[in-house]
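Enquirer: One structure, as structure tokens, below. Some questions next.
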Amino acid sequence: MFVKICGITSEDDALFAVAMGADAVGFVFAPSPRQVAASQVYDITRRLPPEILTVGVFRDELPDRVIDVVNRAGLKAAQLHGHESPSDVAAVAAQVRWVIKAVAAGSADARRVNEYATDLVLVDAPSPGSGKVFDWSMLEDVPEGPRLILAGGLTPDNVGQAVRIARPWGVDVASGVEKSPGKKDPRLVKAFIERARAAAPLPHLGPDEMPYDWADDE
């Protein structure tokens, strides 16, 4: 079970999430209470273990801008959380090794995820970024093929149920493990990761297949 802790704004929160077993940490570059600068993120990413997937979150940015920020921040992946076209995603994917395309559950984008140049798809609530839970059965409308990461209103209290019902490849959380916007609550982070993993279906137990072998880049 792939677990991403998003909306990281400090080195302490990033290191704690990693220590608790998170596979990925996300940094928001789109307008948000959790928005960070590339230079700030670089100071954090260079201190993280190489096996951690570090993700920059963007919304409706030009591909060249996304690629530039990813490089300056020392990130491994870009998450495109707007209405990016398949050609926009392909342009980013040509320069950034791992791209996560976020789509809103029930949207036209969710029904055409196979058209994007990535097999990592994050499914958020119909109002993306709202932190609200949605009907997880809506994932049935998403075509098979991509690895689905479930987001939207997840917390330590509901992530186990979400994993058992939706059976995603991974889960993503931001506000559900915070004590205030951009400030993580260590107890909630720990509980979220533990409960997500405990609820994982049998095919997802054991050593997870990460997006790629980081040793390939060494």
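Chain identifiers are assigned as A, B, and so on, following the order in which chains appear in the structure tokens; residues are numbered from 1 within each chain, and ligands are numbered from 1 in order of appearance.
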Would you give me, as a ChimeraX atom specification, the residues in region 6-103 of chain A that DSSP reads as strand (DSSP E or B)?

Expert: /A:24-28,35,53-58,77-80,98-103

Enquirer: Identify all residues of region 98-176 of chain A in alpha helix (DSSP H) (DSSP on the backbone) and supply them as a PyMOL selection string.

Expert: chain A and resi 108-111+159-166

Enquirer: Which residues come within 10 Å of region 185-198 of chain A, counting only C-alpha atoms, excluding same-chain residues fewer than 5 positions away, as an NGL selection string?

Expert: :A and (1-5 or 13 or 16-17 or 19-23 or 154-164 or 170-180 or 204-206)

Enquirer: Write out the residues from the selection above, keeping N, CA and C atoms, as an mmCIF file, in the first residue's frame.

Expert:
```
data_model
loop_
_atom_site.group_PDB
_atom_site.id
_atom_site.type_symbol
_atom_site.label_atom_id
_atom_site.label_comp_id
_atom_site.auth_asym_id
_atom_site.auth_seq_id
_atom_site.Cartn_x
_atom_site.Cartn_y
_atom_site.Cartn_z
ATOM 1 N N MET A 1 0.849 -1.191 0.000
ATOM 2 C CA MET A 1 0.000 0.000 0.000
ATOM 3 C C MET A 1 0.886 1.244 0.000
ATOM 4 N N PHE A 2 0.775 2.018 -1.061
ATOM 5 C CA PHE A 2 1.540 3.254 -1.222
ATOM 6 C C PHE A 2 0.851 4.358 -0.424
ATOM 7 N N VAL A 3 1.612 5.045 0.438
ATOM 8 C CA VAL A 3 1.043 6.100 1.279
ATOM 9 C C VAL A 3 1.796 7.400 1.040
ATOM 10 N N LYS A 4 1.045 8.438 0.680
ATOM 11 C CA LYS A 4 1.625 9.758 0.443
ATOM 12 C C LYS A 4 1.057 10.749 1.459
ATOM 13 N N ILE A 5 1.952 11.457 2.132
ATOM 14 C CA ILE A 5 1.563 12.519 3.052
ATOM 15 C C ILE A 5 1.815 13.839 2.334
ATOM 16 N N ASP A 13 8.225 17.825 9.689
ATOM 17 C CA ASP A 13 7.064 17.038 9.278
ATOM 18 C C ASP A 13 7.443 16.017 8.213
ATOM 19 N N PHE A 16 9.424 13.171 9.883
ATOM 20 C CA PHE A 16 8.566 12.333 10.722
ATOM 21 C C PHE A 16 7.707 11.414 9.862
ATOM 22 N N ALA A 17 7.136 11.949 8.783
ATOM 23 C CA ALA A 17 6.313 11.128 7.893
ATOM 24 C C ALA A 17 7.123 9.961 7.335
ATOM 25 N N ALA A 19 9.834 8.652 8.713
ATOM 26 C CA ALA A 19 10.152 7.748 9.813
ATOM 27 C C ALA A 19 8.985 6.824 10.144
ATOM 28 N N MET A 20 7.771 7.308 9.946
ATOM 29 C CA MET A 20 6.581 6.508 10.223
ATOM 30 C C MET A 20 6.229 5.552 9.083
ATOM 31 N N GLY A 21 6.962 5.653 7.978
ATOM 32 C CA GLY A 21 6.758 4.698 6.900
ATOM 33 C C GLY A 21 6.102 5.221 5.645
ATOM 34 N N ALA A 22 5.942 6.532 5.522
ATOM 35 C CA ALA A 22 5.361 7.080 4.291
ATOM 36 C C ALA A 22 6.263 6.765 3.101
ATOM 37 N N ASP A 23 5.664 6.467 1.970
ATOM 38 C CA ASP A 23 6.417 6.208 0.744
ATOM 39 C C ASP A 23 6.713 7.491 -0.018
ATOM 40 N N LEU A 154 -9.736 11.848 3.583
ATOM 41 C CA LEU A 154 -9.255 10.695 4.341
ATOM 42 C C LEU A 154 -8.664 11.140 5.677
ATOM 43 N N THR A 155 -8.886 10.322 6.690
ATOM 44 C CA THR A 155 -8.373 10.547 8.045
ATOM 45 C C THR A 155 -7.975 9.205 8.634
ATOM 46 N N PRO A 156 -7.320 9.205 9.786
ATOM 47 C CA PRO A 156 -7.039 7.916 10.431
ATOM 48 C C PRO A 156 -8.312 7.132 10.752
ATOM 49 N N ASP A 157 -9.415 7.837 10.956
ATOM 50 C CA ASP A 157 -10.660 7.165 11.329
ATOM 51 C C ASP A 157 -11.350 6.470 10.160
ATOM 52 N N ASN A 158 -11.134 6.951 8.934
ATOM 53 C CA ASN A 158 -11.855 6.347 7.809
ATOM 54 C C ASN A 158 -10.964 5.696 6.760
ATOM 55 N N VAL A 159 -9.645 5.818 6.881
ATOM 56 C CA VAL A 159 -8.786 5.300 5.820
ATOM 57 C C VAL A 159 -8.866 3.781 5.715
ATOM 58 N N GLY A 160 -9.025 3.093 6.843
ATOM 59 C CA GLY A 160 -9.141 1.643 6.783
ATOM 60 C C GLY A 160 -10.361 1.213 5.985
ATOM 61 N N GLN A 161 -11.492 1.841 6.262
ATOM 62 C CA GLN A 161 -12.720 1.535 5.531
ATOM 63 C C GLN A 161 -12.565 1.881 4.060
ATOM 64 N N ALA A 162 -11.926 3.028 3.773
ATOM 65 C CA ALA A 162 -11.727 3.447 2.386
ATOM 66 C C ALA A 162 -10.902 2.430 1.614
ATOM 67 N N VAL A 163 -9.847 1.935 2.224
ATOM 68 C CA VAL A 163 -8.981 0.961 1.554
ATOM 69 C C VAL A 163 -9.724 -0.347 1.321
ATOM 70 N N ARG A 164 -10.507 -0.783 2.302
ATOM 71 C CA ARG A 164 -11.237 -2.043 2.151
ATOM 72 C C ARG A 164 -12.313 -1.952 1.074
ATOM 73 N N GLY A 170 -2.940 3.110 -3.716
ATOM 74 C CA GLY A 170 -2.343 3.966 -2.698
ATOM 75 C C GLY A 170 -3.355 4.942 -2.139
ATOM 76 N N VAL A 171 -2.949 5.650 -1.098
ATOM 77 C CA VAL A 171 -3.790 6.677 -0.478
ATOM 78 C C VAL A 171 -2.960 7.943 -0.276
ATOM 79 N N ASP A 172 -3.670 9.078 -0.245
ATOM 80 C CA ASP A 172 -3.034 10.382 -0.118
ATOM 81 C C ASP A 172 -3.811 11.197 0.911
ATOM 82 N N VAL A 173 -3.096 11.886 1.790
ATOM 83 C CA VAL A 173 -3.760 12.683 2.818
ATOM 84 C C VAL A 173 -2.997 13.971 3.056
ATOM 85 N N ALA A 174 -3.737 15.041 3.366
ATOM 86 C CA ALA A 174 -3.123 16.319 3.748
ATOM 87 C C ALA A 174 -3.809 16.832 5.008
ATOM 88 N N SER A 175 -4.999 17.417 4.843
ATOM 89 C CA SER A 175 -5.677 18.028 5.989
ATOM 90 C C SER A 175 -6.088 17.009 7.040
ATOM 91 N N GLY A 176 -6.283 15.763 6.643
ATOM 92 C CA GLY A 176 -6.741 14.741 7.583
ATOM 93 C C GLY A 176 -5.745 14.346 8.642
ATOM 94 N N VAL A 177 -4.501 14.819 8.520
ATOM 95 C CA VAL A 177 -3.484 14.508 9.542
ATOM 96 C C VAL A 177 -2.835 15.797 10.062
ATOM 97 N N GLU A 178 -3.602 16.887 10.043
ATOM 98 C CA GLU A 178 -3.056 18.184 10.468
ATOM 99 C C GLU A 178 -3.679 18.659 11.780
ATOM 100 N N LYS A 179 -2.892 19.464 12.497
ATOM 101 C CA LYS A 179 -3.447 20.178 13.644
ATOM 102 C C LYS A 179 -3.811 21.608 13.256
ATOM 103 N N SER A 180 -3.225 22.099 12.153
ATOM 104 C CA SER A 180 -3.583 23.366 11.530
ATOM 105 C C SER A 180 -3.053 23.302 10.098
ATOM 106 N N HIS A 204 -1.780 -6.313 -1.893
ATOM 107 C CA HIS A 204 -0.986 -5.132 -1.596
ATOM 108 C C HIS A 204 -0.112 -5.299 -0.366
ATOM 109 N N LEU A 205 -0.190 -6.457 0.280
ATOM 110 C CA LEU A 205 0.637 -6.680 1.456
ATOM 111 C C LEU A 205 2.045 -7.086 1.050
ATOM 112 N N GLY A 206 2.973 -6.950 1.990
ATOM 113 C CA GLY A 206 4.345 -7.296 1.700
ATOM 114 C C GLY A 206 5.061 -6.152 1.012
#
```

Enquirer: Which residues of region 19-60 of chain A sit at most 10 Å from region 86-110 of chain A, using only C-alpha atoms? Give each one's shortest atom pair and distance in Å (one decimal place), in chain and ascending residue order, as a tab-separated table.

Expert:
```
residue	atom	partner	partner_atom	distance
A:Leu53	CA	A:Trp98	CA	9.0
A:Thr54	CA	A:Trp98	CA	9.9
A:Val55	CA	A:Val99	CA	8.7
A:Gly56	CA	A:Val99	CA	9.5
A:Val57	CA	A:Ile100	CA	9.0
A:Phe58	CA	A:Ala102	CA	9.9
A:Arg59	CA	A:Ala102	CA	9.5
A:Asp60	CA	A:Asp88	CA	9.3
```
